[in-house]
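Colleague: Input file: upload.txt. Contents: compact mmCIF, C-alpha atoms.
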# COMPACT_ATOMS: atom_id res chain seq x y z
CA MET H 1 -118.07 -71.98 51.21
CA LYS H 2 -114.93 -73.99 50.74
CA LYS H 3 -112.13 -73.18 53.12
CA GLN H 4 -109.08 -71.42 51.86
CA ILE H 5 -106.45 -73.37 53.79
CA SER H 6 -102.86 -72.28 53.85
CA LEU H 7 -99.97 -74.15 55.42
CA ILE H 8 -96.88 -72.44 56.84
CA VAL H 9 -93.95 -74.84 57.12
CA ALA H 10 -91.03 -73.59 59.22
CA LEU H 11 -87.61 -74.42 57.74
CA VAL H 12 -87.65 -78.19 57.95
CA MET H 13 -90.27 -80.85 58.54
CA ILE H 14 -90.25 -83.33 61.39
CA PHE H 15 -88.20 -86.02 59.67
CA SER H 16 -85.24 -83.65 59.31
CA LEU H 17 -85.39 -81.99 62.73
CA ALA H 18 -82.08 -82.06 64.60
CA LEU H 19 -83.18 -83.67 67.87
CA PRO H 20 -81.02 -84.18 70.96
CA VAL H 21 -80.18 -87.66 72.18
CA SER H 22 -83.54 -88.56 73.68
CA ALA H 23 -86.70 -90.59 73.24
CA ALA H 24 -87.01 -89.48 69.63
CA ASP H 25 -83.67 -90.90 68.52
CA ASN H 26 -85.07 -94.37 68.03
CA ALA H 27 -88.56 -93.33 66.96
CA LYS H 28 -90.59 -96.12 65.42
CA THR H 29 -93.10 -94.92 62.84
CA SER H 30 -94.07 -98.05 60.93
CA PHE H 31 -97.66 -97.87 62.22
CA ALA H 32 -98.13 -94.18 61.42
CA ALA H 33 -100.99 -92.83 59.37
CA PRO H 34 -100.00 -91.10 56.11
CA TYR H 35 -98.62 -87.67 56.96
CA ASP H 36 -100.88 -85.91 54.44
CA ASP H 37 -103.91 -87.50 56.14
CA ILE H 38 -102.73 -86.28 59.55
CA VAL H 39 -102.38 -82.71 58.25
CA ALA H 40 -105.80 -82.93 56.61
CA VAL H 41 -107.37 -83.95 59.93
CA ALA H 42 -105.70 -80.99 61.66
CA LEU H 43 -106.96 -78.50 59.08
CA ASN H 44 -110.48 -79.88 58.70
CA ALA H 45 -111.26 -80.60 62.36
CA PRO H 46 -112.04 -76.98 63.44
CA ALA H 47 -115.14 -76.98 61.23
CA PHE H 48 -116.63 -79.74 63.38
CA TYR H 49 -116.62 -77.71 66.60
CA PRO H 50 -118.96 -74.83 67.47
CA ASP H 51 -116.14 -72.52 68.65
CA THR H 52 -114.24 -72.76 65.35
CA GLU H 53 -116.81 -73.87 62.78
CA ASP H 54 -116.69 -70.49 61.01
CA TRP H 55 -112.89 -70.47 60.48
CA GLU H 56 -112.43 -70.14 56.73
CA SER H 57 -108.70 -69.51 56.41
CA ILE H 58 -106.55 -71.69 58.68
CA VAL H 59 -102.80 -71.42 59.10
CA ILE H 60 -100.55 -73.95 60.81
CA THR H 61 -98.19 -71.81 62.89
CA LYS H 62 -96.34 -74.62 64.65
CA GLU H 63 -96.01 -78.37 64.16
CA THR H 64 -94.64 -80.66 66.87
CA PRO H 65 -94.12 -84.43 66.60
CA LEU H 66 -94.96 -86.16 69.90
CA TYR H 67 -93.39 -89.32 71.31
CA ASN H 68 -93.77 -91.76 74.18
CA LEU H 69 -91.05 -92.83 76.59
CA GLU H 70 -90.04 -95.72 74.35
CA GLY H 71 -89.25 -93.30 71.53
CA SER H 72 -92.26 -94.19 69.40
CA LEU H 73 -93.98 -91.43 67.45
CA THR H 74 -97.54 -91.33 68.79
CA SER H 75 -99.08 -88.12 67.48
CA TYR H 76 -98.60 -84.60 66.15
CA CYS H 77 -99.52 -81.30 67.77
CA PHE H 78 -100.53 -78.55 65.35
CA ASP H 79 -100.93 -74.96 66.49
CA LEU H 80 -103.56 -73.33 64.31
CA GLN H 81 -104.60 -69.75 63.68
CA ASN H 82 -107.61 -68.19 62.04
CA ALA H 83 -105.89 -65.96 59.48
CA ASP H 84 -108.87 -63.58 59.41
CA THR H 85 -109.15 -62.97 63.17
CA GLU H 86 -105.78 -64.22 64.52
CA GLU H 87 -107.64 -66.47 66.98
CA ASN H 88 -105.55 -69.45 68.10
CA ALA H 89 -106.26 -73.12 68.65
CA TYR H 90 -104.30 -76.34 68.79
CA ILE H 91 -105.05 -79.94 67.95
CA ILE H 92 -103.27 -83.21 68.71
CA VAL H 93 -103.78 -85.77 65.95
CA ASN H 94 -103.20 -89.48 66.41
CA ALA H 95 -100.36 -90.99 64.35
CA ASP H 96 -101.91 -94.45 64.74
CA PRO H 97 -104.54 -94.99 62.01
CA SER H 98 -106.27 -97.73 64.05
CA GLY H 99 -107.16 -95.24 66.79
CA TYR H 100 -109.56 -92.32 66.91
CA PRO H 101 -107.99 -89.49 64.87
CA ILE H 102 -108.28 -86.59 67.34
CA LEU H 103 -106.63 -86.97 70.74
CA GLN H 104 -107.23 -83.41 71.92
CA PHE H 105 -108.57 -80.14 70.55
CA ALA H 106 -108.28 -76.78 72.32
CA PRO H 107 -110.18 -74.05 70.43
CA THR H 108 -108.92 -70.98 72.33
CA ALA H 109 -105.27 -71.55 73.22
CA VAL H 110 -101.75 -72.07 71.98
CA SER H 111 -100.20 -75.44 72.72
CA PRO H 112 -97.84 -76.16 75.63
CA TYR H 113 -95.22 -76.96 72.97
CA TYR H 114 -95.52 -73.68 71.07
CA ASP H 115 -92.35 -72.03 72.37
CA ASN H 116 -90.22 -75.19 72.17
CA THR H 117 -87.39 -75.10 69.64
CA ASP H 118 -84.98 -77.96 70.35
CA ASP H 119 -86.34 -80.35 72.97
CA THR H 120 -88.14 -83.58 72.19
CA ALA H 121 -91.87 -83.37 72.97
CA LEU H 122 -93.81 -86.17 74.67
CA TYR H 123 -97.56 -86.50 75.19
CA PHE H 124 -99.43 -88.80 77.58
CA GLY H 125 -102.90 -87.26 77.60
CA ALA H 126 -104.53 -83.97 78.60
CA GLY H 127 -102.36 -82.21 81.17
CA GLN H 128 -99.42 -84.55 80.51
CA TYR H 129 -97.24 -82.47 78.17
CA TYR H 130 -93.49 -83.07 78.55
CA LEU H 131 -90.30 -81.77 77.01
CA ASP H 132 -87.07 -83.83 77.09
CA ASP H 133 -83.87 -81.80 76.83
CA GLY H 134 -81.69 -84.91 77.01
CA GLU H 135 -81.22 -84.60 80.78
CA VAL H 136 -84.62 -84.04 82.41
CA TYR H 137 -88.29 -84.20 81.47
CA GLU H 138 -90.32 -81.08 82.23
CA ASN H 139 -94.10 -81.18 82.53
CA GLN H 140 -95.27 -78.09 80.63
CA ALA H 141 -98.53 -77.95 82.58
CA THR H 142 -96.99 -77.96 86.06
CA GLY H 143 -93.34 -76.96 85.53
CA GLU H 144 -92.21 -80.04 87.46
CA THR H 145 -89.06 -81.80 86.24
CA TYR H 146 -88.18 -85.48 86.36
CA ASP H 147 -85.21 -87.61 85.46
CA LYS H 148 -85.75 -90.77 83.37
CA ASP H 149 -86.55 -93.01 86.35
CA GLU H 150 -88.80 -90.41 87.96
CA VAL H 151 -90.87 -89.81 84.86
CA GLN H 152 -91.30 -93.57 84.48
CA GLU H 153 -92.61 -93.67 88.05
CA ALA H 154 -94.87 -90.68 87.42
CA MET H 155 -96.34 -92.41 84.38
CA GLU H 156 -97.29 -95.41 86.52
CA THR H 157 -99.89 -93.18 88.16
CA ALA H 158 -100.80 -91.31 84.97
CA PRO H 159 -102.00 -92.46 81.53
CA ALA H 160 -99.33 -94.50 79.77
CA GLN H 161 -100.87 -93.56 76.41
CA PRO H 162 -102.96 -90.63 75.25
CA PRO H 163 -106.78 -90.73 75.27
CA HIS H 164 -108.33 -92.35 72.19
CA THR H 165 -105.29 -94.64 71.67
CA TYR H 166 -106.05 -98.31 71.12
CA SER H 167 -104.32 -101.65 70.90
CA ILE H 168 -104.51 -102.61 67.21
CA ALA H 169 -105.64 -106.11 68.16
CA VAL H 170 -108.86 -104.94 69.85
CA ALA H 171 -109.47 -101.54 68.29
CA GLU H 172 -112.85 -100.64 66.89
CA ASP H 173 -112.99 -99.57 63.28
CA HIS H 174 -112.35 -95.81 63.20
CA SER H 175 -111.83 -95.60 59.45
CA GLY H 176 -115.09 -93.70 59.09
CA ALA H 177 -113.96 -91.02 61.55
CA TRP H 178 -110.63 -90.69 59.73
CA GLN H 179 -112.42 -90.32 56.39
CA THR H 180 -114.77 -87.68 57.80
CA TYR H 181 -111.95 -85.52 59.14
CA ILE H 182 -109.71 -86.09 56.11
CA GLU H 183 -112.39 -85.20 53.58
CA GLY H 184 -114.02 -82.44 55.64
CA TYR H 185 -117.52 -81.00 55.42
CA ASP H 186 -117.09 -79.55 51.96
CA ALA H 187 -116.40 -82.93 50.38
CA LEU H 188 -118.83 -85.00 52.45
CA GLY H 189 -121.71 -82.55 52.63
CA VAL H 190 -121.98 -83.22 56.37
CA THR H 191 -123.98 -80.73 58.42
CA PRO H 192 -121.94 -79.25 61.29
CA LEU H 193 -123.28 -79.22 64.85
CA ARG H 194 -126.44 -77.14 64.61
CA ALA H 195 -129.46 -76.49 66.78
CA GLY H 196 -131.35 -79.74 67.23
CA TYR H 197 -128.33 -81.97 66.58
CA THR H 198 -128.51 -84.93 69.00
CA LYS H 199 -126.29 -87.99 69.38
CA LEU H 200 -127.26 -90.84 71.74
CA LEU H 201 -125.30 -94.05 72.24
CA SER H 202 -127.20 -97.04 70.90
CA ASN H 203 -125.88 -99.35 73.62
CA ARG H 204 -126.91 -97.16 76.56
CA LEU H 205 -128.48 -98.68 79.67
CA SER H 206 -130.09 -97.02 82.69
CA LEU H 207 -129.42 -98.66 86.07
CA GLN H 208 -130.83 -98.02 89.52
CA TRP H 209 -128.48 -96.79 92.27
CA ARG H 210 -126.85 -99.74 94.03
CA LYS H 211 -123.98 -99.70 96.56
CA GLY H 212 -123.00 -96.16 95.47
CA CYS H 213 -123.32 -93.66 92.64
CA ALA H 214 -119.73 -94.22 91.41
CA PRO H 215 -119.95 -98.01 90.88
CA THR H 216 -123.44 -97.63 89.41
CA ALA H 217 -122.39 -94.87 87.00
CA VAL H 218 -119.23 -96.66 85.90
CA ALA H 219 -121.25 -99.88 85.39
CA MET H 220 -123.53 -97.97 82.99
CA GLN H 221 -120.43 -96.60 81.27
CA LEU H 222 -118.97 -100.09 80.79
CA PHE H 223 -122.26 -101.46 79.47
CA ALA H 224 -122.34 -98.67 76.88
CA ASP H 225 -118.70 -99.17 75.89
CA ILE H 226 -118.63 -102.97 75.70
CA ARG H 227 -121.07 -104.35 73.20
CA TYR H 228 -121.38 -107.82 74.71
CA MET H 229 -121.08 -107.62 78.49
CA PRO H 230 -120.90 -111.15 79.94
CA TYR H 231 -121.96 -110.19 83.48
CA SER H 232 -125.15 -108.96 85.14
CA SER H 233 -125.45 -105.34 86.18
CA SER H 234 -125.74 -106.21 89.88
CA PHE H 235 -122.58 -108.35 89.72
CA ILE H 236 -120.62 -105.57 88.02
CA ILE H 237 -121.79 -102.91 90.48
CA ASP H 238 -121.03 -105.11 93.48
CA ILE H 239 -117.51 -105.93 92.27
CA LEU H 240 -116.82 -102.30 91.30
CA ALA H 241 -118.00 -101.14 94.73
CA ASP H 242 -115.63 -103.61 96.35
CA TYR H 243 -112.66 -102.67 94.14
CA MET H 244 -113.41 -98.94 94.56
CA SER H 245 -113.55 -99.31 98.36
CA THR H 246 -117.00 -97.69 98.31
CA SER H 247 -118.20 -97.04 101.85
CA ASN H 248 -121.39 -98.46 103.36
CA SER H 249 -123.00 -95.07 102.82
CA GLY H 250 -122.14 -95.16 99.10
CA SER H 251 -119.19 -92.74 99.10
CA THR H 252 -116.21 -93.35 96.77
CA SER H 253 -113.02 -91.34 96.40
CA CYS H 254 -112.04 -90.12 92.93
CA VAL H 255 -108.70 -91.94 93.09
CA ASN H 256 -110.40 -95.20 94.04
CA MET H 257 -112.77 -94.82 91.09
CA VAL H 258 -109.77 -95.00 88.76
CA PHE H 259 -107.96 -97.89 90.40
CA GLY H 260 -111.16 -99.82 91.12
CA THR H 261 -112.17 -99.61 87.46
CA ILE H 262 -108.68 -100.71 86.41
CA ASP H 263 -108.80 -103.72 88.76
CA PHE H 264 -112.27 -104.73 87.54
CA VAL H 265 -111.43 -104.51 83.84
CA ASP H 266 -108.09 -106.24 84.34
CA GLU H 267 -109.74 -109.21 86.04
CA TYR H 268 -113.12 -109.53 84.32
CA ILE H 269 -112.82 -107.90 80.87
CA THR H 270 -109.07 -108.31 80.11
CA HIS H 271 -109.11 -105.97 77.10
CA TYR H 272 -106.46 -103.35 76.51
CA PHE H 273 -107.80 -100.06 77.87
CA THR H 274 -106.93 -96.73 79.49
CA THR H 275 -108.82 -95.23 82.42
CA GLU H 276 -108.42 -91.64 83.60
CA TRP H 277 -110.01 -88.37 84.47
CA TYR H 278 -109.88 -86.18 81.38
CA THR H 279 -107.46 -83.86 83.20
CA GLN H 280 -105.91 -85.19 86.39
CA THR H 281 -103.07 -84.80 88.84
CA THR H 282 -100.25 -87.33 88.92
CA ASP H 283 -102.03 -89.16 91.77
CA ARG H 284 -105.17 -89.39 89.59
CA ASN H 285 -107.40 -86.87 91.27
CA PRO H 286 -109.52 -84.93 88.76
CA LEU H 287 -109.06 -81.27 87.94
CA MET H 288 -112.56 -79.83 88.07
CA GLY H 289 -114.52 -77.37 85.99
CA GLU H 290 -115.04 -76.29 82.39
CA TYR H 291 -111.42 -75.30 81.74
CA TYR H 292 -110.15 -78.81 82.48
CA ASN H 293 -113.23 -80.61 81.12
CA PRO H 294 -114.24 -78.82 77.92
CA ASP H 295 -117.43 -79.57 76.02
CA TYR H 296 -115.54 -80.83 72.96
CA ALA H 297 -113.83 -83.54 75.05
CA PHE H 298 -117.24 -84.94 76.03
CA ILE H 299 -118.45 -84.62 72.43
CA ASP H 300 -115.41 -86.51 71.13
CA GLU H 301 -116.10 -89.42 73.49
CA ILE H 302 -119.74 -89.68 72.46
CA GLU H 303 -118.89 -89.40 68.76
CA ALA H 304 -116.41 -92.27 69.32
CA ASP H 305 -119.31 -94.30 70.82
CA ARG H 306 -118.05 -94.19 74.40
CA ALA H 307 -119.98 -93.11 77.48
CA VAL H 308 -118.56 -90.68 80.06
CA THR H 309 -119.05 -90.84 83.81
CA VAL H 310 -119.53 -87.29 85.09
CA TYR H 311 -118.48 -86.41 88.64
CA THR H 312 -120.34 -83.35 89.88
CA ALA H 313 -120.12 -81.34 93.08
CA GLY H 314 -122.39 -78.47 94.09
CA GLY H 315 -124.58 -78.42 90.99
CA THR H 316 -127.99 -76.78 90.83
CA TYR H 317 -129.62 -79.09 88.26
CA THR H 318 -132.64 -80.88 89.74
CA THR H 319 -134.58 -84.03 88.85
CA PRO H 320 -137.57 -85.77 90.48
CA ARG H 321 -135.13 -88.02 92.39
CA TYR H 322 -132.74 -85.17 93.21
CA PRO H 323 -135.04 -82.15 93.85
CA ASN H 324 -132.28 -80.25 95.68
CA GLY H 325 -129.58 -80.87 93.09
CA PHE H 326 -126.99 -83.61 92.84
CA GLU H 327 -124.65 -82.21 95.54
CA VAL H 328 -121.72 -84.70 95.23
CA HIS H 329 -122.72 -87.33 92.72
CA CYS H 330 -121.76 -89.41 89.66
CA ILE H 331 -123.96 -89.68 86.59
CA THR H 332 -123.38 -91.34 83.22
CA GLY H 333 -123.29 -89.29 80.02
CA VAL H 334 -124.64 -91.30 77.09
CA GLY H 335 -125.13 -88.56 74.51
CA TYR H 336 -125.51 -84.85 73.93
CA THR H 337 -127.64 -82.30 72.13
CA MET H 338 -127.21 -78.76 70.82
CA THR H 339 -130.15 -76.46 71.61
CA PRO H 340 -130.84 -72.82 70.64
CA SER H 341 -129.91 -70.34 73.36
CA GLY H 342 -129.63 -66.54 73.21
CA GLY H 343 -129.02 -66.50 69.48
CA GLY H 344 -126.36 -69.22 69.75
CA LEU H 345 -126.09 -72.87 70.70
CA GLU H 346 -126.09 -74.50 74.13
CA PHE H 347 -124.40 -77.85 74.67
CA GLN H 348 -126.32 -80.24 76.93
CA ILE H 349 -125.30 -83.63 78.26
CA ALA H 350 -127.73 -86.54 77.86
CA ALA H 351 -127.34 -88.57 81.03
CA TYR H 352 -128.69 -91.24 83.35
CA THR H 353 -128.67 -90.11 86.98
CA THR H 354 -128.52 -93.59 88.67
CA SER H 355 -132.27 -93.31 89.31
CA LEU H 356 -134.61 -95.17 86.94
CA SER H 357 -137.41 -92.77 87.83
CA ASP H 358 -135.50 -89.83 86.30
CA GLY H 359 -135.13 -91.47 82.90
CA LEU H 360 -132.87 -89.74 80.36
CA VAL H 361 -132.19 -86.11 81.28
CA TYR H 362 -130.50 -83.29 79.35
CA ILE H 363 -128.17 -81.17 81.50
CA PRO H 364 -126.26 -77.96 80.65
CA PRO H 365 -122.79 -78.42 82.18
CA TYR H 366 -122.88 -75.01 83.89
CA THR H 367 -125.64 -76.39 86.16
CA LEU H 368 -123.31 -79.12 87.44
CA GLY H 369 -121.18 -76.85 89.62
CA ASP H 370 -117.66 -78.28 89.64
CA TYR H 371 -117.44 -81.31 87.39
CA ALA H 372 -115.01 -83.72 85.73
CA TRP H 373 -115.14 -86.24 82.87
CA PHE H 374 -114.17 -89.84 83.76
CA ILE H 375 -112.93 -91.65 80.65
CA VAL H 376 -112.63 -95.39 79.99
CA ASN H 377 -111.18 -96.17 76.56
CA PHE H 378 -111.23 -99.68 75.10
The structure given in the file should be rewritten as structure tokens.
Modeller:
Amino acid sequence: MKKQISLIVALVMIFSLALPVSAADNAKTSFAAPYDDIVAVALNAPAFYPDTEDWESIVITKETPLYNLEGSLTSYCFDLQNADTEENAYIIVNADPSGYPILQFAPTAVSPYYDNTDDTALYFGAGQYYLDDGEVYENQATGETYDKDEVQEAMETAPAQPPHTYSIAVAEDHSGAWQTYIEGYDALGVTPLRAGYTKLLSNRLSLQWRKGCAPTAVAMQLFADIRYMPYSSSFIIDILADYMSTSNSGSTSCVNMVFGTIDFVDEYITHYFTTEWYTQTTDRNPLMGEYYNPDYAFIDEIEADRAVTVYTAGGTYTTPRYPNGFEVHCITGVGYTMTPSGGGLEFQIAAYTTSLSDGLVYIPPYTLGDYAWFIVNF
């Protein structure tokens, strides 16, 4: 059934908004994707996700242009509503056509920008939602406020750009993803995520634990993300372990995982990239659990052909190598599958555990205890 899609536009569109003197005053939009394409992505995307795939009449209830600190338009946030059930969702769509089209999708919430009327909105990744009233920047997730210098300093320990944003010079070709979301299922005849749907990264590689689970898991992640890796796996793991300050017993702090990966890529790969926990504090510790690490975020990474390192603590899932569960451990997600469960669908991660004897395992996230997605975007 084709969707009946309606669009509510409040008073004036973004190019005529009366904004205060702020980052938006000098917005640069020369790189932006066509606005109609951005709206089409926002309206068609819910059909691609299990929580919203049955939405047939979608209304845009709020539209917010999002900027970076330099005043460049980076993306748009659209609050959506199922007109039949009044369920809410929001989506953040990339304004850069060279990057992956969807930066974030929340299927059961209103956006942090929903109640904003006058302030300029900024976005730096999940959990990094700011409003600029011309005097201070307020983080809508934490309520903390910063002046211009303070927010610059805060961004030095937080993503400088949203997830799925790429340097044009080294970006992969995401035109196919844009076409899919612009055209939608009805036009393309694509089958939504159904029971039995499986996606595995073609460039995946299983490695044996060496030095620690964090450097081993991130090494597998980098091998999956970088098509032509010029270094051996043992070299990469050893250097990562050194840069991550991994202990002799194999323990690595979450903060050191981020900065160690940054140091390694800066020195040995030298591509533009962002590295972060999917949702993190300003000092780059992960926020754990399903709320901060939703299934769709993992799915988006895999569909963009990028692996995800999964940090897990207290999980019950067992393997031949880990018969008592993972306890505190890092594994590498290289795919996912949707399996029938209780009349619905269950999302399972396809992962390598850092033990060659385990092979490829399929893990329901709820068996991982507390967990977090570690993202490296080239």
Colleague: How far is it from CA of Thr61 (chain H) to CA of Leu80 (chain H), in Å with one decimal?
Modeller: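 Computing the Euclidean distance for CA of Thr61 (chain H) and CA of Leu80 (chain H) yields 5.8 Å.
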Colleague: Taking all atoms listed in the file into account, which of H:Ala307, H:Ile38, H:Ala45, H:Leu73 comes nearest Ile349 (chain H)?
Modeller: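 Among H:Ala307, H:Ile38, H:Ala45, H:Leu73, it is H:Ala307 that comes nearest to Ile349 (chain H).
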Colleague: One decimal, in Å: what's the spacing between CA of Val376 (chain H) and CA of Arg284 (chain H)?
Modeller: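 Answer for the CA of Val376 (chain H) to CA of Arg284 (chain H) separation: 13.6 Å.
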Colleague: Have a look at H:Asp295, H:Asp96, H:Glu267, H:Asp300 and name the one nearest to Met338 (chain H); count only C-alpha atoms.
Modeller: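 Between H:Asp295, H:Asp96, H:Glu267, H:Asp300, the residue approaching Met338 (chain H) most closely is H:Asp295.
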Colleague: Would you mind listing what lies within 8 Å of Val41 (chain H) as number ranges by chain, with all atoms listed in the file counted and same-chain residues fewer than 3 positions away left out?
Modeller: H: 37-38, 44-45, 93, 101-102, 178, 181-182
Colleague: Just how far from CA of Thr281 (chain H) is CA of Ala297 (chain H), in Å to one decimal?
Modeller: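 Interatomic distance here is 17.5 Å.
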